[in-house]
$ cat upload.txt   # compact mmCIF, C-alpha atoms and all ligand atoms
# COMPACT_ATOMS: atom_id res chain seq x y z
CA MET V 1 7.48 18.35 6.98
CA GLY V 2 7.80 17.50 10.66
CA TYR V 3 8.87 13.92 9.99
CA LYS V 4 11.79 12.35 8.26
CA HIS V 5 10.81 10.39 5.19
CA ILE V 6 13.01 7.47 4.24
CA PRO V 7 11.72 5.34 1.35
CA VAL V 8 11.67 1.64 2.20
CA MET V 9 13.92 -0.73 0.18
CA LEU V 10 14.75 2.00 -2.34
CA LYS V 11 18.10 0.43 -3.22
CA GLU V 12 16.48 -2.95 -3.98
CA VAL V 13 13.65 -1.35 -5.97
CA LEU V 14 16.14 0.50 -8.18
CA GLU V 15 18.29 -2.60 -8.59
CA TYR V 16 15.36 -4.69 -9.80
CA LEU V 17 13.56 -2.07 -11.87
CA ASP V 18 16.86 -0.76 -13.24
CA PRO V 19 15.45 2.44 -14.79
CA LYS V 20 17.41 3.68 -17.81
CA SER V 21 17.47 6.89 -19.76
CA GLY V 22 14.34 7.35 -21.88
CA GLN V 23 12.30 4.63 -20.17
CA GLU V 24 8.77 4.98 -18.83
CA PHE V 25 7.59 3.93 -15.39
CA ILE V 26 4.50 4.00 -13.22
CA ASP V 27 4.80 4.54 -9.47
CA CYS V 28 1.36 3.44 -8.26
CA THR V 29 1.98 4.70 -4.72
CA LEU V 30 3.70 8.09 -4.80
CA GLY V 31 3.65 8.61 -0.98
CA GLY V 32 6.66 10.72 0.03
CA ALA V 33 7.88 10.61 -3.62
CA GLY V 34 11.08 8.75 -2.70
CA TYR V 35 10.85 6.20 -5.52
CA THR V 36 9.41 8.66 -8.02
CA VAL V 37 12.28 11.12 -7.60
CA GLU V 38 14.98 8.48 -7.95
CA ILE V 39 13.33 6.82 -10.94
CA ALA V 40 12.79 10.23 -12.56
CA LYS V 41 16.50 11.06 -12.16
CA ARG V 42 17.44 7.83 -13.89
CA VAL V 43 15.00 7.96 -16.81
CA GLY V 44 16.04 11.57 -17.39
CA ALA V 45 14.42 14.23 -19.56
CA THR V 46 13.52 11.79 -22.34
CA GLY V 47 11.82 9.34 -19.97
CA LYS V 48 8.62 9.54 -17.94
CA VAL V 49 7.29 8.64 -14.52
CA LEU V 50 3.59 8.60 -13.91
CA ALA V 51 3.04 8.77 -10.16
CA ILE V 52 -0.33 8.01 -8.59
CA ASP V 53 -1.69 8.53 -5.09
CA LEU V 54 -5.20 8.71 -3.73
CA ASP V 55 -4.09 11.13 -1.03
CA LYS V 56 -4.17 14.72 -2.30
CA LEU V 57 -1.67 15.65 0.39
CA ALA V 58 0.88 13.27 -1.14
CA ILE V 59 0.47 15.01 -4.51
CA GLU V 60 0.91 18.47 -2.96
CA ASN V 61 3.86 17.31 -0.89
CA ALA V 62 5.55 15.81 -3.97
CA LYS V 63 5.60 19.23 -5.64
CA LYS V 64 7.51 20.59 -2.62
CA VAL V 65 9.89 17.62 -2.70
CA PHE V 66 10.56 18.17 -6.42
CA LYS V 67 11.62 21.77 -5.78
CA LYS V 68 14.52 20.46 -3.72
CA THR V 69 15.72 18.13 -6.48
CA ARG V 70 17.81 18.80 -9.53
CA LEU V 71 15.07 17.48 -11.79
CA ARG V 72 13.99 19.87 -14.56
CA GLN V 73 11.17 22.01 -13.19
CA GLY V 74 8.01 22.79 -15.10
CA TYR V 75 5.09 24.88 -13.85
CA GLY V 76 3.35 24.81 -10.47
CA GLY V 77 5.91 22.63 -8.71
CA GLN V 78 5.66 19.93 -11.37
CA VAL V 79 8.72 18.26 -12.81
CA LYS V 80 8.90 17.89 -16.57
CA ASN V 81 9.30 14.13 -16.73
CA VAL V 82 6.89 13.32 -13.88
CA ILE V 83 3.12 13.27 -14.22
CA LEU V 84 1.29 13.39 -10.88
CA ILE V 85 -2.12 11.77 -10.79
CA TYR V 86 -4.65 11.90 -7.98
CA GLY V 87 -6.40 8.55 -8.20
CA ASN V 88 -6.76 5.00 -6.99
CA PHE V 89 -4.44 2.41 -8.52
CA LYS V 90 -7.38 0.04 -8.79
CA ASN V 91 -8.31 2.19 -11.81
CA LEU V 92 -4.87 1.91 -13.37
CA GLN V 93 -5.93 1.13 -16.95
CA LYS V 94 -8.53 3.90 -16.91
CA ILE V 95 -6.01 6.39 -15.52
CA ILE V 96 -3.51 5.53 -18.28
CA LYS V 97 -6.16 5.73 -21.01
CA GLU V 98 -7.37 9.11 -19.80
CA GLU V 99 -3.87 10.51 -19.36
CA PHE V 100 -2.37 9.35 -22.65
CA LYS V 101 -5.52 9.12 -24.81
CA GLY V 102 -4.35 5.76 -26.10
CA GLU V 103 -0.96 7.06 -27.26
CA ARG V 104 0.95 5.17 -24.61
CA ASP V 105 -0.12 1.83 -23.24
CA LYS V 106 3.09 -0.01 -22.40
CA PHE V 107 5.65 0.74 -19.69
CA ASP V 108 9.11 -0.47 -18.66
CA GLY V 109 8.33 -0.87 -14.98
CA ILE V 110 5.57 -0.52 -12.43
CA VAL V 111 5.98 -0.34 -8.67
CA PHE V 112 3.56 -0.66 -5.76
CA ASP V 113 4.76 0.25 -2.26
CA LEU V 114 1.64 -0.70 -0.36
CA GLY V 115 0.13 0.60 2.83
CA LEU V 116 0.49 4.01 4.35
CA SER V 117 3.21 6.64 4.24
CA SER V 118 5.12 8.14 7.17
CA ALA V 119 3.32 11.43 6.48
CA GLN V 120 -0.07 9.75 6.89
CA LEU V 121 1.00 7.86 10.02
CA GLU V 122 2.25 11.01 11.68
CA ASP V 123 -0.59 13.29 10.61
CA LYS V 124 -2.30 14.37 13.83
CA SER V 125 -5.54 15.17 12.02
CA ARG V 126 -5.97 11.54 10.91
CA GLY V 127 -6.43 8.38 12.86
CA PHE V 128 -3.76 5.97 11.61
CA SER V 129 -1.65 5.88 14.76
CA PHE V 130 -2.65 4.40 18.08
CA GLN V 131 -0.01 6.61 19.64
CA LEU V 132 -1.80 9.86 18.80
CA ASP V 133 -5.27 10.86 19.90
CA ALA V 134 -7.00 11.84 16.66
CA PRO V 135 -10.37 11.57 14.88
CA LEU V 136 -11.10 8.02 13.74
CA ASP V 137 -10.31 8.57 10.08
CA MET V 138 -8.10 5.94 8.48
CA ALA V 139 -8.92 6.73 4.87
CA PHE V 140 -5.83 7.11 2.67
CA GLY V 141 -7.58 9.45 0.36
CA GLN V 142 -10.35 11.94 0.15
CA GLU V 143 -12.38 9.63 -2.10
CA THR V 144 -15.18 9.03 0.36
CA GLY V 145 -16.27 12.62 -0.25
CA ASN V 146 -18.81 13.92 2.20
CA ARG V 147 -19.79 10.49 3.50
CA LYS V 148 -19.30 10.22 7.25
CA GLN V 149 -15.73 9.21 7.95
CA GLU V 150 -15.51 5.58 6.89
CA THR V 151 -13.63 4.18 9.92
CA GLU V 152 -15.94 5.93 12.35
CA PHE V 153 -18.88 4.56 10.41
CA ILE V 154 -17.57 0.98 10.57
CA ILE V 155 -16.85 1.18 14.31
CA ASN V 156 -20.19 2.72 15.21
CA ASN V 157 -22.50 0.87 12.84
CA TYR V 158 -21.22 -2.57 11.90
CA LYS V 159 -22.73 -5.54 13.70
CA GLN V 160 -20.59 -7.30 16.31
CA GLU V 161 -20.12 -10.34 14.03
CA GLU V 162 -18.98 -8.13 11.15
CA LEU V 163 -16.48 -6.35 13.39
CA THR V 164 -15.17 -9.68 14.68
CA LYS V 165 -14.71 -10.86 11.10
CA ILE V 166 -12.81 -7.70 10.11
CA LEU V 167 -10.51 -7.90 13.12
CA ARG V 168 -9.91 -11.60 12.60
CA GLU V 169 -9.44 -11.58 8.83
CA TYR V 170 -7.62 -8.31 8.30
CA GLY V 171 -5.83 -8.06 11.64
CA GLU V 172 -5.35 -11.75 12.40
CA GLU V 173 -6.30 -10.58 15.89
CA LYS V 174 -6.75 -13.47 18.28
CA PHE V 175 -8.95 -11.44 20.64
CA ALA V 176 -11.18 -10.24 17.79
CA ARG V 177 -14.41 -11.41 19.41
CA ARG V 178 -13.62 -9.80 22.78
CA ILE V 179 -12.61 -6.51 21.20
CA ALA V 180 -15.71 -6.44 18.97
CA ARG V 181 -17.95 -7.11 21.98
CA LYS V 182 -16.35 -4.23 23.92
CA ILE V 183 -16.75 -1.91 20.95
CA VAL V 184 -20.46 -2.68 20.80
CA ASP V 185 -20.87 -2.31 24.61
CA TYR V 186 -19.09 1.04 24.56
CA ARG V 187 -20.99 2.50 21.62
CA ASN V 188 -24.32 1.62 23.24
CA ASP V 189 -23.41 4.38 25.72
CA LYS V 190 -21.67 6.88 23.51
CA SER V 191 -20.31 6.98 20.00
CA ILE V 192 -16.67 6.26 19.30
CA LYS V 193 -15.01 9.20 17.61
CA THR V 194 -11.32 9.10 18.44
CA THR V 195 -8.36 6.76 18.30
CA GLY V 196 -7.92 7.40 22.03
CA GLN V 197 -11.36 5.92 22.74
CA LEU V 198 -10.57 2.94 20.54
CA VAL V 199 -7.25 2.23 22.27
CA TYR V 200 -9.05 2.44 25.62
CA ILE V 201 -11.65 -0.08 24.41
CA ILE V 202 -9.03 -2.51 23.10
CA GLU V 203 -7.09 -2.17 26.33
CA SER V 204 -10.16 -3.04 28.36
CA ALA V 205 -10.92 -6.05 26.12
CA VAL V 206 -7.59 -7.89 26.01
CA PRO V 207 -5.98 -9.84 28.86
CA ALA V 208 -3.44 -8.07 31.06
CA ILE V 209 -0.50 -10.10 29.84
CA TYR V 210 -1.28 -9.13 26.25
CA LYS V 211 -1.13 -5.41 26.93
CA ASN V 212 1.48 -5.25 29.67
CA ASN V 213 4.11 -7.22 27.87
CA LEU V 214 3.32 -5.94 24.40
CA ARG V 215 2.72 -9.25 22.77
CA HIS V 216 5.25 -11.13 20.68
CA SER V 217 4.67 -11.67 17.00
CA GLY V 218 7.40 -13.95 15.73
CA ALA V 219 10.60 -12.38 16.93
CA ARG V 220 9.31 -8.88 17.51
CA LYS V 221 6.98 -7.28 19.98
CA ILE V 222 3.95 -5.39 18.84
CA HIS V 223 1.58 -3.04 20.63
CA PHE V 224 -1.78 -4.54 21.63
CA ALA V 225 -3.68 -2.12 19.36
CA THR V 226 -1.57 -2.78 16.24
CA ARG V 227 -3.71 -5.53 14.75
CA THR V 228 -7.06 -3.80 15.36
CA PHE V 229 -5.76 -0.60 13.75
CA GLN V 230 -4.37 -2.54 10.78
CA ALA V 231 -7.68 -4.36 10.31
CA LEU V 232 -9.76 -1.18 10.37
CA ARG V 233 -7.40 0.58 7.98
CA ILE V 234 -7.60 -2.32 5.50
CA ALA V 235 -11.40 -2.40 5.76
CA THR V 236 -11.72 1.38 5.43
CA ASN V 237 -9.63 1.54 2.28
CA LYS V 238 -10.69 -1.82 0.81
CA GLU V 239 -6.97 -2.37 0.44
CA LEU V 240 -6.89 -6.05 -0.46
CA GLU V 241 -9.58 -5.61 -3.09
CA SER V 242 -7.65 -2.76 -4.71
CA ILE V 243 -4.47 -4.83 -4.96
CA GLU V 244 -6.32 -7.80 -6.45
CA ILE V 245 -7.89 -5.55 -9.06
CA ALA V 246 -4.72 -3.61 -9.85
CA LEU V 247 -2.17 -6.40 -10.33
CA PRO V 248 -3.59 -7.87 -13.58
CA GLN V 249 -3.97 -4.36 -15.01
CA ALA V 250 -0.34 -3.62 -14.16
CA VAL V 251 0.95 -6.76 -15.88
CA ASP V 252 -1.10 -5.85 -18.98
CA LEU V 253 0.57 -2.47 -19.05
CA LEU V 254 4.11 -3.85 -19.05
CA ARG V 255 6.04 -4.20 -22.27
CA LYS V 256 8.04 -7.36 -22.88
CA GLY V 257 10.96 -7.36 -20.43
CA GLY V 258 9.19 -4.75 -18.26
CA ARG V 259 9.15 -5.40 -14.53
CA ILE V 260 6.64 -5.19 -11.74
CA ALA V 261 7.81 -4.78 -8.13
CA VAL V 262 5.48 -4.98 -5.15
CA ILE V 263 6.50 -4.10 -1.60
CA SER V 264 4.03 -5.32 0.99
CA TYR V 265 3.92 -4.97 4.77
CA HIS V 266 1.76 -7.82 6.04
CA SER V 267 1.02 -11.40 5.13
CA LEU V 268 -2.44 -10.71 3.68
CA GLU V 269 -1.03 -8.39 1.03
CA ASP V 270 1.95 -10.58 0.35
CA ARG V 271 -0.25 -13.66 -0.10
CA ILE V 272 -2.22 -11.91 -2.84
CA VAL V 273 0.96 -10.90 -4.67
CA LYS V 274 2.54 -14.33 -4.27
CA ARG V 275 -0.55 -16.16 -5.59
CA PHE V 276 -0.99 -13.76 -8.47
CA PHE V 277 2.66 -14.05 -9.56
CA LYS V 278 2.49 -17.83 -9.30
CA LYS V 279 -0.69 -18.02 -11.38
CA GLU V 280 0.58 -15.69 -14.09
CA SER V 281 3.91 -17.51 -14.33
CA LYS V 282 2.10 -20.76 -15.25
CA SER V 283 1.26 -21.79 -18.79
CA CYS V 284 -1.89 -23.71 -17.85
CA LEU V 285 -4.27 -23.60 -14.92
CA CYS V 286 -6.18 -26.81 -15.66
CA PRO V 287 -6.38 -29.45 -12.91
CA PRO V 288 -3.49 -31.96 -13.23
CA ASP V 289 -5.84 -34.82 -14.30
CA ILE V 290 -6.90 -33.03 -17.50
CA PRO V 291 -4.55 -34.29 -20.25
CA ILE V 292 -5.06 -31.46 -22.76
CA CYS V 293 -5.19 -27.84 -21.69
CA GLN V 294 -8.66 -26.37 -21.82
CA CYS V 295 -8.14 -23.15 -19.93
CA GLY V 296 -6.08 -21.41 -22.61
CA HIS V 297 -4.12 -19.56 -19.96
CA LYS V 298 -0.75 -18.24 -21.12
CA THR V 299 2.37 -17.52 -19.11
CA GLN V 300 2.59 -13.79 -18.67
CA ILE V 301 5.49 -13.29 -16.31
CA LYS V 302 8.69 -14.80 -15.01
CA ILE V 303 9.20 -14.50 -11.25
CA LEU V 304 12.55 -12.86 -10.51
CA THR V 305 12.41 -13.20 -6.74
CA LYS V 306 12.08 -16.94 -6.14
CA LYS V 307 13.19 -16.08 -2.64
CA ILE V 308 11.39 -13.05 -1.28
CA VAL V 309 13.56 -9.94 -0.92
CA LEU V 310 13.78 -8.46 2.58
CA PRO V 311 15.34 -5.20 3.77
CA SER V 312 18.88 -5.41 5.11
CA GLU V 313 19.56 -5.37 8.87
CA GLU V 314 21.29 -2.08 8.27
CA GLU V 315 18.18 -0.52 6.71
CA ILE V 316 15.95 -1.76 9.54
CA LYS V 317 18.28 -0.10 12.07
CA ILE V 318 18.03 3.25 10.30
CA ASN V 319 14.35 2.92 9.38
CA PRO V 320 12.28 0.66 11.66
CA ARG V 321 9.28 1.10 9.31
CA ALA V 322 11.13 -1.20 6.89
CA ARG V 323 11.14 -4.15 9.26
CA SER V 324 7.98 -5.80 7.94
CA ALA V 325 8.61 -5.01 4.26
CA LYS V 326 8.81 -7.79 1.69
CA MET V 327 9.46 -7.35 -2.01
CA ARG V 328 8.44 -9.54 -4.94
CA VAL V 329 9.41 -8.79 -8.52
CA ALA V 330 8.39 -10.33 -11.85
CA GLU V 331 9.24 -9.70 -15.49
CA LYS V 332 6.80 -9.67 -18.40
CA ILE V 333 7.66 -12.26 -20.98
C1 LIG P 401 4.17 3.37 1.66
S1 LIG P 401 3.59 4.81 0.89
C2 LIG P 401 4.60 4.94 -0.54
C3 LIG P 401 5.96 5.53 -0.26
C4 LIG P 401 6.75 5.79 -1.53
N1 LIG P 401 7.18 4.58 -2.14
C5 LIG P 401 7.95 6.69 -1.29
O1 LIG P 401 9.01 6.39 -1.84
O2 LIG P 401 7.84 7.68 -0.60
C6 LIG P 401 2.06 4.31 0.23
C7 LIG P 401 1.25 5.38 -0.46
O3 LIG P 401 0.30 4.69 -1.29
C8 LIG P 401 -0.91 5.39 -1.27
N2 LIG P 401 -1.96 4.43 -1.61
C9 LIG P 401 -2.42 3.41 -0.86
N3 LIG P 401 -3.39 2.75 -1.52
C10 LIG P 401 -3.53 3.36 -2.72
C11 LIG P 401 -4.37 3.15 -3.83
N4 LIG P 401 -5.26 2.16 -3.86
N5 LIG P 401 -4.24 3.96 -4.91
C12 LIG P 401 -3.33 4.98 -4.91
N6 LIG P 401 -2.51 5.24 -3.86
C13 LIG P 401 -2.60 4.44 -2.78
C14 LIG P 401 -1.02 5.94 0.13
O4 LIG P 401 -1.89 7.07 0.14
C15 LIG P 401 0.44 6.30 0.44
O5 LIG P 401 0.70 7.63 0.16
$ encode --input "upload.txt" --output "structure tokens" --more "lines below"
Ligand SMILES: C[S@@+](CC[C@H](N)C(=O)[O-])C[C@H]1O[C@@H](n2cnc3c(N)ncnc32)[C@H](O)[C@@H]1O
Amino acid sequence: MGYKHIPVMLKEVLEYLDPKSGQEFIDCTLGGAGYTVEIAKRVGATGKVLAIDLDKLAIENAKKVFKKTRLRQGYGGQVKNVILIYGNFKNLQKIIKEEFKGERDKFDGIVFDLGLSSAQLEDKSRGFSFQLDAPLDMAFGQETGNRKQETEFIINNYKQEELTKILREYGEEKFARRIARKIVDYRNDKSIKTTGQLVYIIESAVPAIYKNNLRHSGARKIHFATRTFQALRIATNKELESIEIALPQAVDLLRKGGRIAVISYHSLEDRIVKRFFKKESKSCLCPPDIPICQCGHKTQIKILTKKIVLPSEEEIKINPRARSAKMRVAEKI
């Protein structure tokens, strides 16, 4: 690996999930296998970790990572107490059913570390980074099969209004309309195939002050292409939809006292998690003017992080990727 992988908020994840010998966990986002390895060490030979990723490269990389650990090795780079699954966490229940044939349907903890991994960001053959000139492919996985690369398809085929909506909603980009217009102007001449072309287009669409000063977002500065890239990545992978679909399945799969931890990297993801936790921690969802509950909703979880958990200053210094991370944790009751 040409990059250094440091799992984000690992210490906090382990503190909250508190894996113990013999317990069973699901890591819905294997990535660089940082969480999986540490959880596997703690649950030991009698426990289990089921680790999912929709990027085949993450699965292959994990086998190499395992070789360097002291975990008990099985065959083909697998570790005995870890099951690696290539799949999308939006199909969590189905994955569990297929894997365990109904023999196991409750777990002690489930973790989601959303977004993309350092390996994906630094992969020169993919288009996640605006700092590398690469083909416009922001798909996490190989799911799209032989369909034309999804990001390239969006950029070259979506109507201007649809592009504006994506940039505005998923990127919270204030120059969404201008960027979308430039994209359409540019592609009328020639198709957009690389991240380099896209950065050039964004640069020509936004005001000078925005690109020269690297605009401020809260306390920190971000590159002028950050929000457009984020928006296209979210649209390509249908990220928000997957989280919405996966969270209720995850809570169903927890045993009493089991915990769910979600690490998110932007406000759109975090809002989904926050709302979901809030809803599932309530005993009734009826409007306040209805005297007797009619919805039949039952409290499913207790929120353990009333105040959101953020990475320490120390961690952010060592690993700048952690700076936008936010963790929420809940316990099944
Ligand atoms: C931030 S990384 C996880 C890093 C990991 N926690 C570690 O310790 O190395 C996120 C990973 O989730 C994967 N991913 C994103 N969306 C997914 C989905 N819907 N289903 C399965 N994996 C997904 C990405 O491919 C990526 O490898």
$ axis_aligned_box --input "upload.txt" --around "ligand LIG 401 (chain P)" --padding-each-side "6 Å" --output "JSON"
{"center_x": 1.9, "center_y": 4.9, "center_z": -1.6, "size_x": 26.3, "size_y": 17.5, "size_z": 18.6}
$ atom_distance --input "upload.txt" --atom1 "atom CA of V:Gln78" --atom2 "atom CA of V:Ala33"
12.3 Å
$ residues_near_ligand --input "upload.txt" --ligand "ligand LIG 401 (chain P)" --cutoff "8 Å" --atoms "all atoms listed in the file" --output "PyMOL selection string"
chain V and resi 5-8+10+27-36+52-55+58+86-90+112-120+140-141+237+239+242-243
$ residues_around --input "upload.txt" --residues "V:Lys298" --least-positions-apart "4" --cutoff "9 Å" --atoms "only C-alpha atoms" --output "PyMOL selection string"
chain V and resi 280-285
$ write_last_selection --input "upload.txt" --atoms "C-alpha atoms" --output "short mmCIF file (atom, residue, chain, number, x, y, z; two decimals), in the coordinates of the input"
data_model
loop_
_atom_site.label_atom_id
_atom_site.label_comp_id
_atom_site.auth_asym_id
_atom_site.auth_seq_id
_atom_site.Cartn_x
_atom_site.Cartn_y
_atom_site.Cartn_z
CA GLU V 280 0.58 -15.69 -14.09
CA SER V 281 3.91 -17.51 -14.33
CA LYS V 282 2.10 -20.76 -15.25
CA SER V 283 1.26 -21.79 -18.79
CA CYS V 284 -1.89 -23.71 -17.85
CA LEU V 285 -4.27 -23.60 -14.92
#
$ residues_near_point --input "upload.txt" --point "(-2.5, 8.9, -20.7)" --cutoff "12 Å" --atoms "all atoms listed in the file" --output "tab-separated table (two decimals) with C-alpha atoms, in the frame of the given file"
chain	number	residue	atom	x	y	z
V	26	ILE	CA	4.50	4.00	-13.22
V	48	LYS	CA	8.62	9.54	-17.94
V	49	VAL	CA	7.29	8.64	-14.52
V	50	LEU	CA	3.59	8.60	-13.91
V	51	ALA	CA	3.04	8.77	-10.16
V	83	ILE	CA	3.12	13.27	-14.22
V	84	LEU	CA	1.29	13.39	-10.88
V	85	ILE	CA	-2.12	11.77	-10.79
V	92	LEU	CA	-4.87	1.91	-13.37
V	93	GLN	CA	-5.93	1.13	-16.95
V	94	LYS	CA	-8.53	3.90	-16.91
V	95	ILE	CA	-6.01	6.39	-15.52
V	96	ILE	CA	-3.51	5.53	-18.28
V	97	LYS	CA	-6.16	5.73	-21.01
V	98	GLU	CA	-7.37	9.11	-19.80
V	99	GLU	CA	-3.87	10.51	-19.36
V	100	PHE	CA	-2.37	9.35	-22.65
V	101	LYS	CA	-5.52	9.12	-24.81
V	102	GLY	CA	-4.35	5.76	-26.10
V	103	GLU	CA	-0.96	7.06	-27.26
V	104	ARG	CA	0.95	5.17	-24.61
V	105	ASP	CA	-0.12	1.83	-23.24
V	106	LYS	CA	3.09	-0.01	-22.40
V	107	PHE	CA	5.65	0.74	-19.69
V	253	LEU	CA	0.57	-2.47	-19.05
$ closest_residue --input "upload.txt" --among "V:Leu121, V:Ala176, V:Arg275, V:Met9" --to "V:Ile316" --atoms "all atoms listed in the file"
V:Met9
$ residues_around --input "upload.txt" --residues "V:Asp133" --least-positions-apart "6" --cutoff "12 Å" --atoms "only C-alpha atoms" --output "list of chain:residue names"
V:Glu122, V:Asp123, V:Lys124, V:Ser125, V:Arg126, V:Gly127, V:Lys193, V:Thr194, V:Thr195, V:Gly196, V:Gln197, V:Leu198, V:Val199, V:Tyr200
$ closest_residue --input "upload.txt" --among "V:Arg181, V:Lys41, V:Arg227, V:Arg328" --to "V:Lys274" --atoms "only C-alpha atoms"
V:Arg328
$ build_atoms --input "upload.txt" --residues "stretch 98-121 of chain V" --atoms "N, CA and C atoms" --output "PDB file, in the frame of the given file"
ATOM      1  N   GLU V  98      -6.966   7.703 -19.866  1.00  0.00           N
ATOM      2  CA  GLU V  98      -7.370   9.110 -19.800  1.00  0.00           C
ATOM      3  C   GLU V  98      -6.163  10.032 -19.946  1.00  0.00           C
ATOM      4  N   GLU V  99      -5.051   9.652 -19.354  1.00  0.00           N
ATOM      5  CA  GLU V  99      -3.870  10.510 -19.360  1.00  0.00           C
ATOM      6  C   GLU V  99      -3.229  10.560 -20.753  1.00  0.00           C
ATOM      7  N   PHE V 100      -3.125   9.403 -21.392  1.00  0.00           N
ATOM      8  CA  PHE V 100      -2.370   9.350 -22.650  1.00  0.00           C
ATOM      9  C   PHE V 100      -3.253   9.216 -23.891  1.00  0.00           C
ATOM     10  N   LYS V 101      -4.564   9.203 -23.691  1.00  0.00           N
ATOM     11  CA  LYS V 101      -5.520   9.120 -24.810  1.00  0.00           C
ATOM     12  C   LYS V 101      -5.131   8.018 -25.797  1.00  0.00           C
ATOM     13  N   GLY V 102      -4.681   6.904 -25.252  1.00  0.00           N
ATOM     14  CA  GLY V 102      -4.350   5.760 -26.100  1.00  0.00           C
ATOM     15  C   GLY V 102      -2.986   5.826 -26.769  1.00  0.00           C
ATOM     16  N   GLU V 103      -2.253   6.937 -26.585  1.00  0.00           N
ATOM     17  CA  GLU V 103      -0.960   7.060 -27.260  1.00  0.00           C
ATOM     18  C   GLU V 103       0.149   6.267 -26.592  1.00  0.00           C
ATOM     19  N   ARG V 104      -0.047   5.958 -25.336  1.00  0.00           N
ATOM     20  CA  ARG V 104       0.950   5.170 -24.610  1.00  0.00           C
ATOM     21  C   ARG V 104       0.236   4.110 -23.805  1.00  0.00           C
ATOM     22  N   ASP V 105       0.565   2.849 -24.037  1.00  0.00           N
ATOM     23  CA  ASP V 105      -0.120   1.830 -23.240  1.00  0.00           C
ATOM     24  C   ASP V 105       0.833   0.743 -22.750  1.00  0.00           C
ATOM     25  N   LYS V 106       2.140   0.966 -22.919  1.00  0.00           N
ATOM     26  CA  LYS V 106       3.090  -0.010 -22.400  1.00  0.00           C
ATOM     27  C   LYS V 106       4.221   0.729 -21.661  1.00  0.00           C
ATOM     28  N   PHE V 107       4.656   0.100 -20.557  1.00  0.00           N
ATOM     29  CA  PHE V 107       5.650   0.740 -19.690  1.00  0.00           C
ATOM     30  C   PHE V 107       6.797  -0.225 -19.368  1.00  0.00           C
ATOM     31  N   ASP V 108       7.925   0.357 -18.937  1.00  0.00           N
ATOM     32  CA  ASP V 108       9.110  -0.470 -18.660  1.00  0.00           C
ATOM     33  C   ASP V 108       9.117  -1.009 -17.230  1.00  0.00           C
ATOM     34  N   GLY V 109       8.355  -0.373 -16.359  1.00  0.00           N
ATOM     35  CA  GLY V 109       8.330  -0.870 -14.980  1.00  0.00           C
ATOM     36  C   GLY V 109       7.190  -0.239 -14.209  1.00  0.00           C
ATOM     37  N   ILE V 110       6.670  -1.012 -13.269  1.00  0.00           N
ATOM     38  CA  ILE V 110       5.570  -0.520 -12.430  1.00  0.00           C
ATOM     39  C   ILE V 110       5.871  -0.946 -10.999  1.00  0.00           C
ATOM     40  N   VAL V 111       5.699   0.000 -10.063  1.00  0.00           N
ATOM     41  CA  VAL V 111       5.980  -0.340  -8.670  1.00  0.00           C
ATOM     42  C   VAL V 111       4.800   0.004  -7.773  1.00  0.00           C
ATOM     43  N   PHE V 112       4.564  -0.878  -6.810  1.00  0.00           N
ATOM     44  CA  PHE V 112       3.560  -0.660  -5.760  1.00  0.00           C
ATOM     45  C   PHE V 112       4.291  -0.750  -4.429  1.00  0.00           C
ATOM     46  N   ASP V 113       4.206   0.302  -3.626  1.00  0.00           N
ATOM     47  CA  ASP V 113       4.760   0.250  -2.260  1.00  0.00           C
ATOM     48  C   ASP V 113       3.537   0.425  -1.364  1.00  0.00           C
ATOM     49  N   LEU V 114       2.994  -0.704  -0.936  1.00  0.00           N
ATOM     50  CA  LEU V 114       1.640  -0.700  -0.360  1.00  0.00           C
ATOM     51  C   LEU V 114       1.557  -0.069   1.032  1.00  0.00           C
ATOM     52  N   GLY V 115       0.337   0.126   1.460  1.00  0.00           N
ATOM     53  CA  GLY V 115       0.130   0.600   2.830  1.00  0.00           C
ATOM     54  C   GLY V 115       0.165   2.109   2.934  1.00  0.00           C
ATOM     55  N   LEU V 116       0.562   2.571   4.109  1.00  0.00           N
ATOM     56  CA  LEU V 116       0.490   4.010   4.350  1.00  0.00           C
ATOM     57  C   LEU V 116       1.871   4.629   4.431  1.00  0.00           C
ATOM     58  N   SER V 117       1.924   5.941   4.226  1.00  0.00           N
ATOM     59  CA  SER V 117       3.210   6.640   4.240  1.00  0.00           C
ATOM     60  C   SER V 117       3.493   7.174   5.641  1.00  0.00           C
ATOM     61  N   SER V 118       4.762   7.562   5.863  1.00  0.00           N
ATOM     62  CA  SER V 118       5.120   8.140   7.170  1.00  0.00           C
ATOM     63  C   SER V 118       4.319   9.416   7.409  1.00  0.00           C
ATOM     64  N   ALA V 119       4.065  10.178   6.324  1.00  0.00           N
ATOM     65  CA  ALA V 119       3.320  11.430   6.480  1.00  0.00           C
ATOM     66  C   ALA V 119       1.913  11.143   6.995  1.00  0.00           C
ATOM     67  N   GLN V 120       1.298  10.089   6.453  1.00  0.00           N
ATOM     68  CA  GLN V 120      -0.070   9.750   6.890  1.00  0.00           C
ATOM     69  C   GLN V 120      -0.062   9.269   8.339  1.00  0.00           C
ATOM     70  N   LEU V 121       0.921   8.421   8.664  1.00  0.00           N
ATOM     71  CA  LEU V 121       1.000   7.860  10.020  1.00  0.00           C
ATOM     72  C   LEU V 121       1.173   8.971  11.063  1.00  0.00           C
TER      73      LEU V 121
END
